[in-house]
Structures are given as structure tokens and as C-alpha cells.
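Let me begin by presenting the structure, written as C-alpha cells, before commenting on it.
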Amino acid sequence: MATTTAASKAFTKGSPQGRLLKSSALWLLCLLPFALAAWQWQRGAARSAELAALAAAAARAPLPVDALATAEPGRRAAFAGQLAGPALFWRQMDGRVRVWLPLRLADGRHLMVDAGQGEAGGELPARLAGSGSWQRWPRPFTLAGAVHGAAGEVDAPDVAALSVRYPGLLAGVLVMAPPLAGLTASPLRPSFDPRRHYGYALQWLLLGLLLVPLAWRLTVPSRRTTP
């Protein structure tokens, strides 16, 4: 009991140990914005590198469709195939849907084609040919109760169900450019903007620079000379 009382008195408000603890906590708080600024800057750099890689891939020569299995995202390819099943209508935040069409290729494998954005339903071609940009399977954020599936209107595509339904399905989606007649083009690049991360990094950096003088004023005793 006496030991506990002595320890509590050692960290009272005016004690040296208490002041040291307060100063340490305050300086750690000041360092946090700098750590967050570095993290946001790294995220911005990673996003910029990702967009640059997509642009470089898109500028390269188109691939044959049978080479998409090992292709990097952004590569272009021409395709042709028979409609292999019902369309998948992936609902978007703006109320439109992305129309995904499963195609059976000449070698028996299957390819999912993003034909564009529009409204659910409508007549679909029995055979489809064109060109597009290769993308990995999307991983959309969904809330509890969201509908996942391999056909019809869904909140997110069910990749596992698609792979079971269409044997030999290539692991990705080819986004048509130009899109199917009557539809608008689906986005060929991610929606994120690296400049946002750089902006957040600058904000955190400025906050840290503002906190440092305050922490210095509160923790470092002033040395005043008496006349």
C-alpha cells in the first residue's frame, strides 16, 4: 500500500516524473502528423506508379486474347466469341449498371467482357467481337445484405460463382473500348486520384509544423534573464 502511494505521489502534477510523462506524450502527439504525412505521401507515390504502369501497358502492342491469362492490367486485346450465358448487370452508385457478358472463345475457354454502362435488360447479341482493356477482377466494397451473383442485377460480381459457371474463365474482365452500341464506356482506369493523397500529406505536414512550436512552448522552460 505504501509503495502504491509513493508511486502515485511521484507522478503528481508538479513532480518531475509527471512533467516528463506529460512532455513525452505531447511530443509523441506532435510527431503523429509527420508520420501520417509520410504515409499519405507513400500512398500517393504508389497510386501514381500504378497509373503509370497502366498507361505504359495500354501503349504497348495489343495482345491476342489467349495471352490475357498472364497479361498485366491495362493491356489491350481483340476478342471474338459466342454469348455463353445470361448477362450480369453490376449496379453502380450513379444508378447505371455495368453490363458484363460471358463469351465462349474459339478454344473453349470463357472470357468476361464489360460491354459498357447503361440500363439493365435489353436485347443482347448472340456473338460479340471488338477490342478492350484487360483488368483484374474488381473488389468493390459492399455493405451487409448486398447481392452478389453471377447473373442478373447484382451489387457486386461473385467471382467464385462465375468461375464455377464458366469453366476455363480467364481471371479478369476485358473492358470494351469502344463499348457496345447503345452503352457508354466503362472506366478504363481506377477512380482514385494520387493528388488527393499528396494533398492529405501536405495538410498533415502543416499541422505538425504548427504543433511543434506549441509543444516547445509548453514543455521547454523559458530562460528569462533578470535585470
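Chains: A, B, ... in order of the C-alpha cells. Residues: from 1 per chain. Ligands: from 1, in order shown.
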
**Message:** With DSSP run on the backbone, what are the helix (DSSP H, G or I) residues within range 4-227 of chain A? I'd like them as a count of residues only.
**Reply:** 90

Please provide as a CSV table (one decimal) with N, CA, C and O atoms, in the first residue's frame all residues within 6 Å of range 41-46 of chain A, with the sequence filter that same-chain residues fewer than 5 positions apart are discarded (counting only C-alpha atoms).
```
chain,number,residue,atom,x,y,z
A,194,PRO,N,-4.1,10.2,-57.2
A,194,PRO,CA,-3.0,10.3,-56.3
A,194,PRO,C,-2.8,11.7,-55.7
A,194,PRO,O,-2.3,11.9,-54.6
A,197,HIS,N,-3.9,12.1,-52.1
A,197,HIS,CA,-3.0,11.7,-51.1
A,197,HIS,C,-1.9,12.7,-50.8
A,197,HIS,O,-1.5,12.9,-49.7
A,198,TYR,N,-1.4,13.3,-51.9
A,198,TYR,CA,-0.4,14.3,-51.7
A,198,TYR,C,-1.0,15.5,-51.0
A,198,TYR,O,-0.3,16.2,-50.1
A,201,ALA,N,-1.2,14.6,-47.4
A,201,ALA,CA,0.2,14.6,-46.8
A,201,ALA,C,0.6,16.1,-46.4
A,201,ALA,O,1.2,16.3,-45.4
```

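Distance-wise, CA of Gly168 in chain A and CA of Pro86 in chain A end up 17.1 Å apart.
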
Please tabulate, as a tab-separated table, the residues of range 92-125 of chain A that come within 9 Å of range 152-158 of chain A, each with its closest pair of atoms and the distance in Å to one decimal, counting only C-alpha atoms and ordering rows by chain, then residue number upward.
```
residue	atom	partner	partner_atom	distance
A:Gln92	CA	A:Asp155	CA	7.6
A:Val97	CA	A:Glu153	CA	8.2
A:Ala120	CA	A:Glu153	CA	7.3
A:Gly121	CA	A:Gly152	CA	8.8
```

Hey, can you spit out that residue selection with N, CA and C atoms as a CSV table (one decimal), in the first residue's frame?
```
chain,number,residue,atom,x,y,z
A,92,GLN,N,-24.2,0.4,-60.2
A,92,GLN,CA,-23.2,1.4,-59.9
A,92,GLN,C,-23.9,2.5,-59.0
A,97,VAL,N,-25.8,0.6,-64.7
A,97,VAL,CA,-25.2,-0.7,-64.4
A,97,VAL,C,-24.1,-0.9,-65.5
A,120,ALA,N,-30.2,-2.0,-67.1
A,120,ALA,CA,-30.3,-3.4,-67.1
A,120,ALA,C,-31.4,-3.9,-68.2
A,121,GLY,N,-31.2,-5.0,-68.7
A,121,GLY,CA,-32.1,-5.6,-69.7
A,121,GLY,C,-31.7,-5.2,-71.1
```

Restrict the calculation to only C-alpha atoms, then for each residue of range 145-195 of chain A with any atom at most 12 Å from an atom of range 102-119 of chain A give the closest atom pair and their distance in Å to one decimal, rows by chain and rising residue number, as a Markdown table.
```
| residue | atom | partner | partner_atom | distance |
| --- | --- | --- | --- | --- |
| A:Ala150 | CA | A:Pro102 | CA | 9.8 |
| A:Ala151 | CA | A:Pro102 | CA | 9.6 |
| A:Gly152 | CA | A:Glu119 | CA | 11.9 |
| A:Glu153 | CA | A:Glu119 | CA | 10.2 |
| A:Pro157 | CA | A:Met112 | CA | 11.1 |
| A:Val159 | CA | A:Met112 | CA | 10.5 |
| A:Leu162 | CA | A:Pro102 | CA | 9.0 |
| A:Ser163 | CA | A:His110 | CA | 9.2 |
| A:Val164 | CA | A:His110 | CA | 11.2 |
| A:Arg165 | CA | A:His110 | CA | 9.9 |
| A:Tyr166 | CA | A:His110 | CA | 6.2 |
| A:Pro167 | CA | A:Arg109 | CA | 6.8 |
| A:Gly168 | CA | A:Arg109 | CA | 4.7 |
| A:Leu169 | CA | A:His110 | CA | 4.4 |
| A:Leu170 | CA | A:Leu111 | CA | 5.6 |
| A:Ala171 | CA | A:Leu111 | CA | 8.4 |
| A:Gly172 | CA | A:Met112 | CA | 7.2 |
| A:Val173 | CA | A:Met112 | CA | 5.1 |
| A:Leu174 | CA | A:Val113 | CA | 4.8 |
| A:Val175 | CA | A:Asp114 | CA | 4.6 |
| A:Met176 | CA | A:Ala115 | CA | 5.3 |
| A:Ala177 | CA | A:Ala115 | CA | 8.3 |
| A:Pro178 | CA | A:Gly116 | CA | 8.5 |
| A:Pro179 | CA | A:Gly116 | CA | 5.1 |
| A:Leu180 | CA | A:Ala115 | CA | 5.3 |
| A:Ala181 | CA | A:Gly116 | CA | 8.8 |
| A:Gly182 | CA | A:Gly118 | CA | 7.7 |
| A:Leu183 | CA | A:Gly118 | CA | 5.2 |
| A:Thr184 | CA | A:Gln117 | CA | 5.1 |
| A:Ala185 | CA | A:Gly116 | CA | 4.8 |
| A:Ser186 | CA | A:Gly116 | CA | 4.9 |
| A:Pro187 | CA | A:Gly116 | CA | 8.7 |
| A:Leu188 | CA | A:Asp114 | CA | 10.4 |
```

**Request:** Just list the residues in range 28-211 of chain A DSSP gives strand (DSSP E) on the backbone, as an MDAnalysis selection string.
**Result:** chainID A and resid 63:64 76:83 88:91 97:104 110:118 127:135 148:149 152:154 156:157 169:176

**Request:** Tell me, in Å to one decimal, how far CA of Arg75 in chain A is from CA of Ala57 in chain A.
**Result:**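 So the answer is 5.0 Å.
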
**Request:** May I ask which of the residues A:Gly149, A:Pro213, A:Gly81, A:Pro33 is the closest one to Leu101 in chain A, counting only C-alpha atoms?
**Result:**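 Answer, going by the shortest atom-to-atom distance: A:Gly81.
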
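Straight-line separation from CA of Leu54 in chain A to CA of Leu202 in chain A: 26.2 Å.
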
Got a sec: who's within 8 Å of Cys30 in chain A, counting only C-alpha atoms, leaving out chain neighbours fewer than 6 positions off, as a PDB file with C-alpha atoms, in the first residue's frame?
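Printed below is selection_6.pdb as written:
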```pdb
ATOM      1  CA  GLY A 208       2.758  19.014 -37.459  1.00  0.00           C
ATOM      2  CA  LEU A 211       2.141  21.832 -33.235  1.00  0.00           C
ATOM      3  CA  VAL A 212       5.917  21.813 -32.787  1.00  0.00           C
ATOM      4  CA  ALA A 215       4.829  21.762 -27.771  1.00  0.00           C
TER       5      ALA A 215
END
```

Excluding Gly199 in chain A and its own-chain neighbours fewer than 4 positions away, which residues fall within 12 Å of it when counting only C-alpha atoms? Please give them as a compact mmCIF listing (two decimals) with N, CA and C atoms, in the first residue's frame.
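Output (around.txt):
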```txt
# COMPACT_ATOMS: atom_id res chain seq x y z
N LEU A 36 1.80 10.49 -40.31
CA LEU A 36 0.67 10.39 -41.22
C LEU A 36 0.97 11.05 -42.57
N ALA A 37 1.73 12.15 -42.54
CA ALA A 37 2.11 12.81 -43.79
C ALA A 37 2.98 11.88 -44.63
N ALA A 38 3.93 11.20 -44.00
CA ALA A 38 4.78 10.26 -44.75
C ALA A 38 3.97 9.12 -45.31
N GLN A 40 0.71 9.11 -46.14
CA GLN A 40 -0.10 9.57 -47.26
C GLN A 40 0.77 9.83 -48.50
N TRP A 41 1.98 10.35 -48.30
CA TRP A 41 2.86 10.57 -49.44
C TRP A 41 3.24 9.25 -50.10
N ARG A 43 1.43 6.52 -50.10
CA ARG A 43 0.24 6.06 -50.80
C ARG A 43 0.07 6.78 -52.13
N GLY A 44 0.32 8.09 -52.13
CA GLY A 44 0.23 8.84 -53.38
C GLY A 44 1.25 8.35 -54.40
N ASP A 193 -7.38 9.25 -57.22
CA ASP A 193 -6.52 10.33 -57.72
C ASP A 193 -5.35 10.48 -56.76
N PRO A 194 -4.11 10.21 -57.20
CA PRO A 194 -2.96 10.34 -56.30
C PRO A 194 -2.81 11.73 -55.70
N ARG A 195 -3.30 12.76 -56.38
CA ARG A 195 -3.15 14.11 -55.86
C ARG A 195 -3.88 14.31 -54.54
N GLN A 203 -1.40 18.58 -45.73
CA GLN A 203 -2.19 19.03 -44.59
C GLN A 203 -1.62 18.52 -43.28
N TRP A 204 -1.27 17.22 -43.24
CA TRP A 204 -0.69 16.66 -42.02
C TRP A 204 0.65 17.31 -41.70
N LEU A 205 1.44 17.58 -42.74
CA LEU A 205 2.74 18.22 -42.52
C LEU A 205 2.57 19.61 -41.91
N LEU A 206 1.65 20.38 -42.44
CA LEU A 206 1.41 21.72 -41.90
C LEU A 206 0.91 21.66 -40.47
```
